[in-house]
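For reference, the structure discussed in these notes is given below.
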Amino acid sequence: MRRRALVLVNPKAGAGRAVKAWKAARPLLAEAFALEEWSSERPGHATELAERARKLAPDAVLAVGGDGTVHEVVNGLAGSDVPLAIFPFGTGNDFARALGVRPDPRQAAAVLLGGRTRRVDLGRVHGHYYVQVAGTGFDAVVAARVNASGRAGTGAVTYVRHLLATLLAYRNRPAALRPAGSAAPPAAGPILLIAVANTPYYAGGMKICPEASPEDGLLDWCRIGDLTRIEVLRALPLVFSGRHVRLPKIDTGRAPAVEVDGPPDLPVHADGEVVGHLPARFECAPKALTVFVPGG
């Protein structure tokens, strides 16, 4: 008897490349799985579809798209025992990168067919789960601009373009960060940004919290202080390797939750989606998601 898999396809992911890649992957799975395909039609629709899929208790839910698609699907599956398979065919595939799933139809199909799963942590802020990185400050403003442009989830090139445009007018804002359980005074002062990460990558391969792990029950945070524009431009190339954390004015840490206070007009993003404003509490949701991972 074949297992049942519900396939949630974002037809716009990767400018249509997700649909093409899924067509190549589908025959590799057809013998092992009875496949039922649903397409997301608007922002937030994949969350609705995932909630519906969750109630049907299939053997797997497949998210076909990029990080935006995964973010929405996870918000429909979080806390359930329904396992998620990621088919990373969008332009930004950072959660798949963190799990070792390559953007290749055969390899993605092999991960699902291999049947190996792990329970992983999620982050949560303002009632939204996230798989990668959430935060506030400069990158949240950039995320708002990317989303407004209709190019959300389009990877590092688009992100850097909007980053540079935002940098021309952005002014660092005051904020205070306090890790949960800490008796020390909060780290306060002007910041470029604060990132609170479940996995290392975001924005198309930027390694903002290089040691973050979705299996330790903790969130890593990176507080980038009062950098000048020149300092930002010097630091930017280092983020792709994680070497920015060695620079002055940058602090890092790890905690089960992080509270951030600051101007109430400063947005908060989760996986590049604006989900509210400050103040905010970022929490780890331990082992909240089951996901298929490569064997070995």
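Identifiers for the structure tokens are assigned positionally: chains receive A, B, ... in sequence, residues are indexed from 1 per chain, and ligands are indexed from 1 in the order shown.
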
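For segment 12-62 of chain A, backbone-based DSSP assignment of alpha helix (DSSP H) covers A:Arg17, A:Ala18, A:Val19, A:Lys20, A:Ala21, A:Trp22, A:Lys23, A:Ala24, A:Ala25, A:Arg26, A:Pro27, A:Leu28, A:Leu29, A:His45, A:Ala46, A:Thr47, A:Glu48, A:Leu49, A:Ala50, A:Glu51, A:Arg52, A:Ala53, A:Arg54, A:Lys55, A:Leu56.
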
Quick one: write out the picked residues with C-alpha atoms as a PDB file, in the first residue's frame?
ATOM      1  CA  ARG A  17      11.148  27.296 -11.569  1.00  0.00           C
ATOM      2  CA  ALA A  18       9.514  25.482  -8.654  1.00  0.00           C
ATOM      3  CA  VAL A  19       6.769  24.107 -10.899  1.00  0.00           C
ATOM      4  CA  LYS A  20       9.284  22.925 -13.488  1.00  0.00           C
ATOM      5  CA  ALA A  21      11.467  21.250 -10.850  1.00  0.00           C
ATOM      6  CA  TRP A  22       8.473  19.583  -9.214  1.00  0.00           C
ATOM      7  CA  LYS A  23       7.445  18.082 -12.549  1.00  0.00           C
ATOM      8  CA  ALA A  24      10.896  16.455 -12.672  1.00  0.00           C
ATOM      9  CA  ALA A  25      10.620  15.178  -9.098  1.00  0.00           C
ATOM     10  CA  ARG A  26       7.054  13.869  -9.270  1.00  0.00           C
ATOM     11  CA  PRO A  27       7.752  10.658 -11.253  1.00  0.00           C
ATOM     12  CA  LEU A  28      10.478   9.704  -8.782  1.00  0.00           C
ATOM     13  CA  LEU A  29       7.903   9.569  -5.992  1.00  0.00           C
ATOM     14  CA  HIS A  45      -2.674  30.544   1.547  1.00  0.00           C
ATOM     15  CA  ALA A  46       0.004  27.890   2.094  1.00  0.00           C
ATOM     16  CA  THR A  47      -0.588  28.170   5.852  1.00  0.00           C
ATOM     17  CA  GLU A  48      -4.295  27.538   5.322  1.00  0.00           C
ATOM     18  CA  LEU A  49      -3.526  24.556   3.094  1.00  0.00           C
ATOM     19  CA  ALA A  50      -1.051  23.155   5.631  1.00  0.00           C
ATOM     20  CA  GLU A  51      -3.634  23.440   8.420  1.00  0.00           C
ATOM     21  CA  ARG A  52      -6.079  21.537   6.227  1.00  0.00           C
ATOM     22  CA  ALA A  53      -3.418  18.943   5.398  1.00  0.00           C
ATOM     23  CA  ARG A  54      -2.581  18.543   9.079  1.00  0.00           C
ATOM     24  CA  LYS A  55      -6.144  17.470   9.845  1.00  0.00           C
ATOM     25  CA  LEU A  56      -5.922  14.756   7.175  1.00  0.00           C
TER      26      LEU A  56
END

Check which residues of segment 113-150 of chain A sit at most 7 Å from segment 194-217 of chain A using only C-alpha atoms, and return one row each with the closest pair of atoms and their distance in Å to one decimal, ordered by chain and rising number, as a tab-separated table.
residue	atom	partner	partner_atom	distance
A:Val120	CA	A:Pro214	CA	5.4
A:Asp121	CA	A:Pro214	CA	4.8
A:Leu122	CA	A:Asn198	CA	6.4
A:Gly123	CA	A:Asn198	CA	6.0
A:Val131	CA	A:Asn198	CA	6.2
A:Gln132	CA	A:Thr199	CA	4.9
A:Val133	CA	A:Ala197	CA	4.2
A:Ala134	CA	A:Val196	CA	5.3
A:Gly135	CA	A:Ala195	CA	4.3
A:Thr136	CA	A:Ile194	CA	5.5
A:Gly137	CA	A:Ile194	CA	6.4

Export, as a tab-separated table (two decimals), in the first residue's frame, the selected residues with C-alpha atoms.
chain	number	residue	atom	x	y	z
A	120	VAL	CA	13.71	20.30	15.13
A	121	ASP	CA	13.14	23.51	17.02
A	122	LEU	CA	11.29	26.53	15.76
A	123	GLY	CA	11.40	30.15	16.80
A	131	VAL	CA	12.40	28.35	10.91
A	132	GLN	CA	15.39	30.61	10.25
A	133	VAL	CA	15.84	34.12	11.60
A	134	ALA	CA	13.66	36.81	13.10
A	135	GLY	CA	14.65	40.25	14.29
A	136	THR	CA	14.26	43.97	14.26
A	137	GLY	CA	16.02	47.06	13.03

Within segment 112-245 of chain A, find each residue whose DSSP state, derived from the backbone, is strand (DSSP E or B), and express the selection as a PDB file with C-alpha atoms, in the first residue's frame.
ATOM      1  CA  THR A 117      13.183  12.375   9.988  1.00  0.00           C
ATOM      2  CA  ARG A 118      14.269  14.662  12.825  1.00  0.00           C
ATOM      3  CA  ARG A 119      12.394  16.758  15.320  1.00  0.00           C
ATOM      4  CA  VAL A 120      13.713  20.300  15.129  1.00  0.00           C
ATOM      5  CA  ASP A 121      13.142  23.513  17.023  1.00  0.00           C
ATOM      6  CA  LEU A 122      11.292  26.535  15.755  1.00  0.00           C
ATOM      7  CA  GLY A 123      11.405  30.153  16.802  1.00  0.00           C
ATOM      8  CA  ARG A 124       8.272  32.090  17.699  1.00  0.00           C
ATOM      9  CA  VAL A 125       7.561  35.822  17.872  1.00  0.00           C
ATOM     10  CA  HIS A 128       4.270  33.466  14.381  1.00  0.00           C
ATOM     11  CA  TYR A 129       6.614  30.502  14.082  1.00  0.00           C
ATOM     12  CA  TYR A 130       9.829  30.851  12.115  1.00  0.00           C
ATOM     13  CA  VAL A 133      15.842  34.118  11.598  1.00  0.00           C
ATOM     14  CA  ALA A 134      13.663  36.813  13.098  1.00  0.00           C
ATOM     15  CA  GLY A 135      14.650  40.248  14.290  1.00  0.00           C
ATOM     16  CA  THR A 136      14.257  43.966  14.258  1.00  0.00           C
ATOM     17  CA  GLY A 137      16.024  47.063  13.031  1.00  0.00           C
ATOM     18  CA  ARG A 173      17.611  53.271  16.474  1.00  0.00           C
ATOM     19  CA  PRO A 174      17.851  52.670  20.229  1.00  0.00           C
ATOM     20  CA  ALA A 175      16.927  49.215  21.495  1.00  0.00           C
ATOM     21  CA  ALA A 176      17.498  47.046  24.547  1.00  0.00           C
ATOM     22  CA  LEU A 177      18.086  43.283  24.452  1.00  0.00           C
ATOM     23  CA  ARG A 178      17.695  41.001  27.460  1.00  0.00           C
ATOM     24  CA  PRO A 179      18.222  37.215  27.244  1.00  0.00           C
ATOM     25  CA  ALA A 187      22.323  45.472  26.340  1.00  0.00           C
ATOM     26  CA  ALA A 188      21.036  48.907  25.373  1.00  0.00           C
ATOM     27  CA  GLY A 189      21.964  51.629  22.910  1.00  0.00           C
ATOM     28  CA  PRO A 190      21.674  52.415  19.216  1.00  0.00           C
ATOM     29  CA  ILE A 191      21.583  49.355  16.960  1.00  0.00           C
ATOM     30  CA  LEU A 193      19.838  45.408  13.878  1.00  0.00           C
ATOM     31  CA  ILE A 194      19.148  42.526  16.205  1.00  0.00           C
ATOM     32  CA  ALA A 195      18.797  39.037  14.716  1.00  0.00           C
ATOM     33  CA  VAL A 196      17.461  36.080  16.715  1.00  0.00           C
ATOM     34  CA  ALA A 197      18.171  32.836  14.892  1.00  0.00           C
ATOM     35  CA  TYR A 201      21.216  31.451   7.324  1.00  0.00           C
ATOM     36  CA  TYR A 202      18.846  34.021   5.912  1.00  0.00           C
ATOM     37  CA  MET A 206      23.868  35.259   4.824  1.00  0.00           C
ATOM     38  CA  LYS A 207      25.271  33.455   7.873  1.00  0.00           C
ATOM     39  CA  LEU A 219      18.012  30.681  19.969  1.00  0.00           C
ATOM     40  CA  ASP A 220      21.219  32.458  18.948  1.00  0.00           C
ATOM     41  CA  TRP A 221      21.191  36.226  18.818  1.00  0.00           C
ATOM     42  CA  CYS A 222      23.402  38.755  17.079  1.00  0.00           C
ATOM     43  CA  ARG A 223      23.266  42.390  18.155  1.00  0.00           C
ATOM     44  CA  ILE A 224      24.902  44.714  15.637  1.00  0.00           C
TER      45      ILE A 224
END

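Interatomic distance, atom CA of Asp271 of chain A against atom CA of Phe89 of chain A: 16.8 Å.
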
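From atom CA of Val141 of chain A back to atom CA of Pro267 of chain A, the distance works out to 6.6 Å.
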
Item to complete: Have a look at atom CA of Ala63 of chain A and atom CA of Ile86 of chain A and let me know their distance in Å, one decimal.
Response: 5.1 Å

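Comparing A:Ser39, A:Gln107, A:Asn172, A:Thr69 by their smallest distance to Thr228 of chain A, the closest is A:Asn172 (using only C-alpha atoms).
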
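Nearest residue to Asn10 of chain A among A:Gly76, A:Gly90, A:Pro105, A:Pro58 is A:Gly90, counting only C-alpha atoms.
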
Item to complete: Could you give me, as an MDAnalysis selection string, the residues within 9 Å of Val274 of chain A, counting only C-alpha atoms and dropping anything in the same chain fewer than 6 positions from it?
Response: chainID A and resid 140:141 143:144 147 267:268

Output the selection as a short mmCIF file (atom, residue, chain, number, x, y, z; two decimals), in the first residue's frame - C-alpha atoms for each residue.
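So the final result, stored in result.cif, reads:
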data_model
loop_
_atom_site.label_atom_id
_atom_site.label_comp_id
_atom_site.auth_asym_id
_atom_site.auth_seq_id
_atom_site.Cartn_x
_atom_site.Cartn_y
_atom_site.Cartn_z
CA ALA A 140 13.30 44.28 9.24
CA VAL A 141 13.00 47.56 7.37
CA ALA A 143 12.32 43.01 4.61
CA ALA A 144 9.39 45.41 4.55
CA ASN A 147 7.83 42.54 0.54
CA PRO A 267 9.14 46.54 12.65
CA VAL A 268 9.81 42.93 13.59
#
